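Participant: Dumping the structure here so I can ask a few things about it.
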Number of protein chains: 2
Amino acid sequence: MERKGILFVISGPSGAGKGTVLRRVLEQETGLAVSVSATTRAPRAGEIDGIHYHFKTQEEFDRMIENHEFLEYVAKFHNKYGTPKAQVLKMLDEGTDVILEIETIGAAKVRKEFPKAVLVFVTPSSYSELEKRLDRRGTEEEAVKAMRLKIAKTEYKSMKYYNYIAINDDLDRCVDTVSAIIRAERVNLKRNPETVEYFRHID
Amino acid sequence: MERKGILFVISGPSGAGKGTVLRRVLEQETGLAVSVSATTRAPRAGEIDGIHYHFKTQEEFDRMIENHEFLEYVAKFHNKYGTPKAQVLKMLDEGTDVILEIETIGAAKVRKEFPKAVLVFVTPSSYSELEKRLDRRGTEEEAVKAMRLKIAKTEYKSMKYYNYIAINDDLDRCVDTVSAIIRAERVNLKRNPETVEYFRHID
């Protein structure tokens, strides 16, 4: 039996810093592929199609939904974001570990489709700390900030579906925690039946 | 609900280097208590009673067995080795993580009594590598070496009861693997129900 890839999911409320954590983890861990999301939102300065996102029109995105081409997708502030299914399945099948950074609603869908996926909830150590961070960002209107906090509350309620929590009060420590989770899951014997078999048959 | 300590068990065949791995892990990880084993074997040069082992006479050891004072004990090459139960239970109860380095037979007993214990199987990447190491040691008679290898074969069959495998071909990598397992288990949400509760009740 060939080892299949492990699907890792990094999620958590906005403001928790999950995007930064993911980039740092990718710098320090090897053998980890990242799935490029599709989105209807406009590219920001410096963002490259196919690298940061697959940029799609509303029509293209909706056609992908109809064709069941997404592992998960969510609508967020008038834009849609989704994980194209085909590339993820291919990588896992080839034995490559894949990591996704997605919203908690998407993560719940992934959990349903991939019960063996490893879900990591990234969060500051308290809700008040999250509030402070959204304040410090200062780039958003009050209404958007209030909506993010309201959404965060519902997101925290989904924590029970996750396997791990990675507290992001200190970025380096949080990155180390996520790296540790990845390394540990790779040597989890439930995920390595062929290793157990190998040692069972020595003579 | 207070967080209870996690019981980690490092085990594997003799020659796998589990003792060295444990010492290195203890140097680099904090908040991890080690349980001092009791033994009937004579102290080696430099070994201190109560630090390296609790040295016991056969009679004292047997009385401890009768009084059910051991979490596990094994007989090995005419000597007995055991883990005194009281100190381990006390530390776990106080929320301290405890790590034991024991034989696979003992590990199986611990698994039975503590289903939530985390069992790590330390081994070279192949059986032939284990044979080479026992050869390189060169300090043992052929008969002892042959017996160790015979025991190792039965030990490998118990691997299916373990949670993780830590390949010890390169000591630094193996130590990092065991550290990753410890860090990951500490943030496993199944072990942190109070964290889930905390975030569930924010308002």
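Following the order of the structure tokens, first chain is A, next is B, and so on, with residues numbered from 1 inside each chain and ligands from 1 in the order they appear.
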Would you write out, as a tab-separated table, a table of all residues in chain B that have an atom no more than 7 Å from an atom of chain A, listing for each the closest atom pair and the distance in Å to one decimal, considering only C-alpha atoms and ordering rows by chain and rising residue number?
Facilitator:
```
residue	atom	partner	partner_atom	distance
B:Tyr156	CA	A:Phe199	CA	5.8
B:Lys157	CA	A:Arg200	CA	5.1
B:Met159	CA	A:Val196	CA	6.5
B:Lys160	CA	A:Val196	CA	6.4
B:Asn163	CA	A:Leu189	CA	5.6
B:Tyr164	CA	A:Asn188	CA	4.5
B:Ile165	CA	A:Val187	CA	5.5
B:Ala166	CA	A:Val187	CA	6.8
B:Thr177	CA	A:Arg183	CA	6.7
B:Ala180	CA	A:Ala180	CA	4.2
B:Ile181	CA	A:Ala184	CA	4.8
B:Arg183	CA	A:Ala180	CA	6.2
B:Ala184	CA	A:Ile181	CA	4.8
B:Val187	CA	A:Ile165	CA	5.5
B:Asn188	CA	A:Tyr164	CA	4.5
B:Leu189	CA	A:Tyr164	CA	5.0
B:Val196	CA	A:Lys160	CA	6.4
B:Phe199	CA	A:Tyr156	CA	5.8
B:Arg200	CA	A:Lys157	CA	5.1
```
Participant: Using only C-alpha atoms, please write the residues we just selected to a file, as a JSON list (two decimals), in the first residue's frame.
Facilitator:
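Dumped to part_34.json:
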```json
[["chain", "number", "residue", "atom", "x", "y", "z"],
["B", 156, "TYR", "CA", 8.38, -5.18, 16.29],
["B", 157, "LYS", "CA", 5.14, -7.16, 16.24],
["B", 159, "MET", "CA", 4.27, -1.78, 16.86],
["B", 160, "LYS", "CA", 0.60, -1.74, 15.92],
["B", 163, "ASN", "CA", 0.71, 5.94, 18.08],
["B", 164, "TYR", "CA", 3.90, 7.09, 16.43],
["B", 165, "ILE", "CA", 7.13, 5.82, 14.92],
["B", 166, "ALA", "CA", 10.38, 7.76, 15.34],
["B", 177, "THR", "CA", 10.55, 13.98, 15.62],
["B", 180, "ALA", "CA", 7.32, 17.44, 17.42],
["B", 181, "ILE", "CA", 5.10, 14.62, 18.70],
["B", 183, "ARG", "CA", 4.38, 19.62, 21.01],
["B", 184, "ALA", "CA", 1.61, 18.45, 18.71],
["B", 187, "VAL", "CA", -2.15, 21.29, 21.33],
["B", 188, "ASN", "CA", -4.39, 18.40, 20.34],
["B", 189, "LEU", "CA", -7.90, 19.71, 21.00],
["B", 196, "VAL", "CA", -12.75, 24.60, 23.38],
["B", 199, "PHE", "CA", -13.83, 29.94, 23.05],
["B", 200, "ARG", "CA", -17.32, 28.48, 22.85]]
```
Participant: If you run DSSP on this backbone, which residues of region 49-189 of chain A come out as helix (DSSP H, G or I), and could you give them as a ChimeraX atom specification?
Facilitator: /A:58-66,85-93,104-113,127-137,142-161,171-186,189
Participant: Write down as a ChimeraX atom specification the residues belonging to region 68-197 of chain B that are assigned strand (DSSP E) by DSSP computed on the backbone.
Facilitator: /B:70-76,79-84,97-101,118-123,164-167
Participant: Those same residues - C-alpha atoms - I'd like them written as a PDB file, in the first residue's frame.
Facilitator:
```pdb
ATOM      1  CA  PHE B  70       4.184  -0.647  39.739  1.00  0.00           C
ATOM      2  CA  LEU B  71       2.585   0.794  36.652  1.00  0.00           C
ATOM      3  CA  GLU B  72       4.542  -1.832  34.744  1.00  0.00           C
ATOM      4  CA  TYR B  73       7.577  -3.992  35.391  1.00  0.00           C
ATOM      5  CA  VAL B  74       9.579  -6.454  33.349  1.00  0.00           C
ATOM      6  CA  ALA B  75      12.245  -9.071  33.951  1.00  0.00           C
ATOM      7  CA  LYS B  76      15.184  -8.743  31.579  1.00  0.00           C
ATOM      8  CA  ASN B  79      17.103  -8.266  36.486  1.00  0.00           C
ATOM      9  CA  LYS B  80      13.768  -6.557  37.050  1.00  0.00           C
ATOM     10  CA  TYR B  81      12.833  -3.034  35.995  1.00  0.00           C
ATOM     11  CA  GLY B  82       9.651  -1.220  36.957  1.00  0.00           C
ATOM     12  CA  THR B  83       7.886   2.142  36.934  1.00  0.00           C
ATOM     13  CA  PRO B  84       6.588   3.141  40.405  1.00  0.00           C
ATOM     14  CA  ASP B  97       3.420  15.794  31.331  1.00  0.00           C
ATOM     15  CA  VAL B  98       5.424  12.675  32.117  1.00  0.00           C
ATOM     16  CA  ILE B  99       7.697  10.662  29.854  1.00  0.00           C
ATOM     17  CA  LEU B 100       8.720   7.050  30.411  1.00  0.00           C
ATOM     18  CA  GLU B 101      11.412   5.073  28.623  1.00  0.00           C
ATOM     19  CA  VAL B 118       1.064   8.542  23.677  1.00  0.00           C
ATOM     20  CA  LEU B 119       3.294   5.640  22.654  1.00  0.00           C
ATOM     21  CA  VAL B 120       6.320   6.319  20.469  1.00  0.00           C
ATOM     22  CA  PHE B 121       8.214   3.429  18.891  1.00  0.00           C
ATOM     23  CA  VAL B 122      11.892   4.277  18.355  1.00  0.00           C
ATOM     24  CA  THR B 123      13.670   2.129  15.779  1.00  0.00           C
ATOM     25  CA  TYR B 164       3.904   7.093  16.433  1.00  0.00           C
ATOM     26  CA  ILE B 165       7.135   5.815  14.917  1.00  0.00           C
ATOM     27  CA  ALA B 166      10.378   7.758  15.340  1.00  0.00           C
ATOM     28  CA  ILE B 167      13.077   6.511  12.965  1.00  0.00           C
TER      29      ILE B 167
END
```
Participant: Need to verify the contact set: Leu130 (chain B), 10 Å, only C-alpha atoms, exclusion of same-chain residues closer than 3 positions in sequence. Can you return it as a list in words?
Facilitator: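 Here the qualifying residues turn out to be Pro13, Ser14, Gly15, Ala16, Gly17, Thr123, Pro124, Ser125, Ser126, Tyr127, Arg133, Leu134, Asp135, Arg136, Leu149, Ala152 and Asp169 of chain B.
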Participant: Residues near Thr40 (chain B), anyone? I mean within 9 Å using only C-alpha atoms, not counting same-chain ones fewer than 4 positions away, as a VMD selection string.
Facilitator: chain B and resid 54 to 58 60 to 61 78 to 81
Participant: Restrict the selected residues to C-alpha atoms and save them as a PDB file, in the first residue's frame.
Facilitator:
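Written file, selection_35.pdb:
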```
ATOM      1  CA  HIS B  54      15.752   3.544  42.428  1.00  0.00           C
ATOM      2  CA  PHE B  55      18.047   0.607  43.221  1.00  0.00           C
ATOM      3  CA  LYS B  56      16.212  -2.177  45.021  1.00  0.00           C
ATOM      4  CA  THR B  57      17.012  -5.648  46.286  1.00  0.00           C
ATOM      5  CA  GLN B  58      15.110  -8.589  44.812  1.00  0.00           C
ATOM      6  CA  GLU B  60      12.186  -5.062  48.016  1.00  0.00           C
ATOM      7  CA  PHE B  61      11.216  -5.223  44.353  1.00  0.00           C
ATOM      8  CA  HIS B  78      17.961 -11.765  35.327  1.00  0.00           C
ATOM      9  CA  ASN B  79      17.103  -8.266  36.486  1.00  0.00           C
ATOM     10  CA  LYS B  80      13.768  -6.557  37.050  1.00  0.00           C
ATOM     11  CA  TYR B  81      12.833  -3.034  35.995  1.00  0.00           C
TER      12      TYR B  81
END
```
Participant: Show me, as a ChimeraX atom specification, the residues that have an atom within 12 Å of Met91 (chain B) when counting only C-alpha atoms, minus same-chain residues fewer than 6 positions from it.
Facilitator: /B:3-7,31-35,85,97-99
Participant: Applying 8 Å and only C-alpha atoms, which residues near Ala107 (chain B) remain after dropping the ones on its own chain fewer than 3 positions away? List them as a list of chain:residue names.
Facilitator: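 The contact residues come out as B:Val9, B:Ser11, B:Glu72, B:Ile102, B:Glu103, B:Thr104, B:Val110, B:Arg111, B:Leu119.
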Participant: Could you check which of A:Val25, A:Met64, A:Glu129, A:Lys18 is closest to Val175 (chain A), using only C-alpha atoms?
Facilitator: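 Under the stated criterion, the closest residue is A:Val25.
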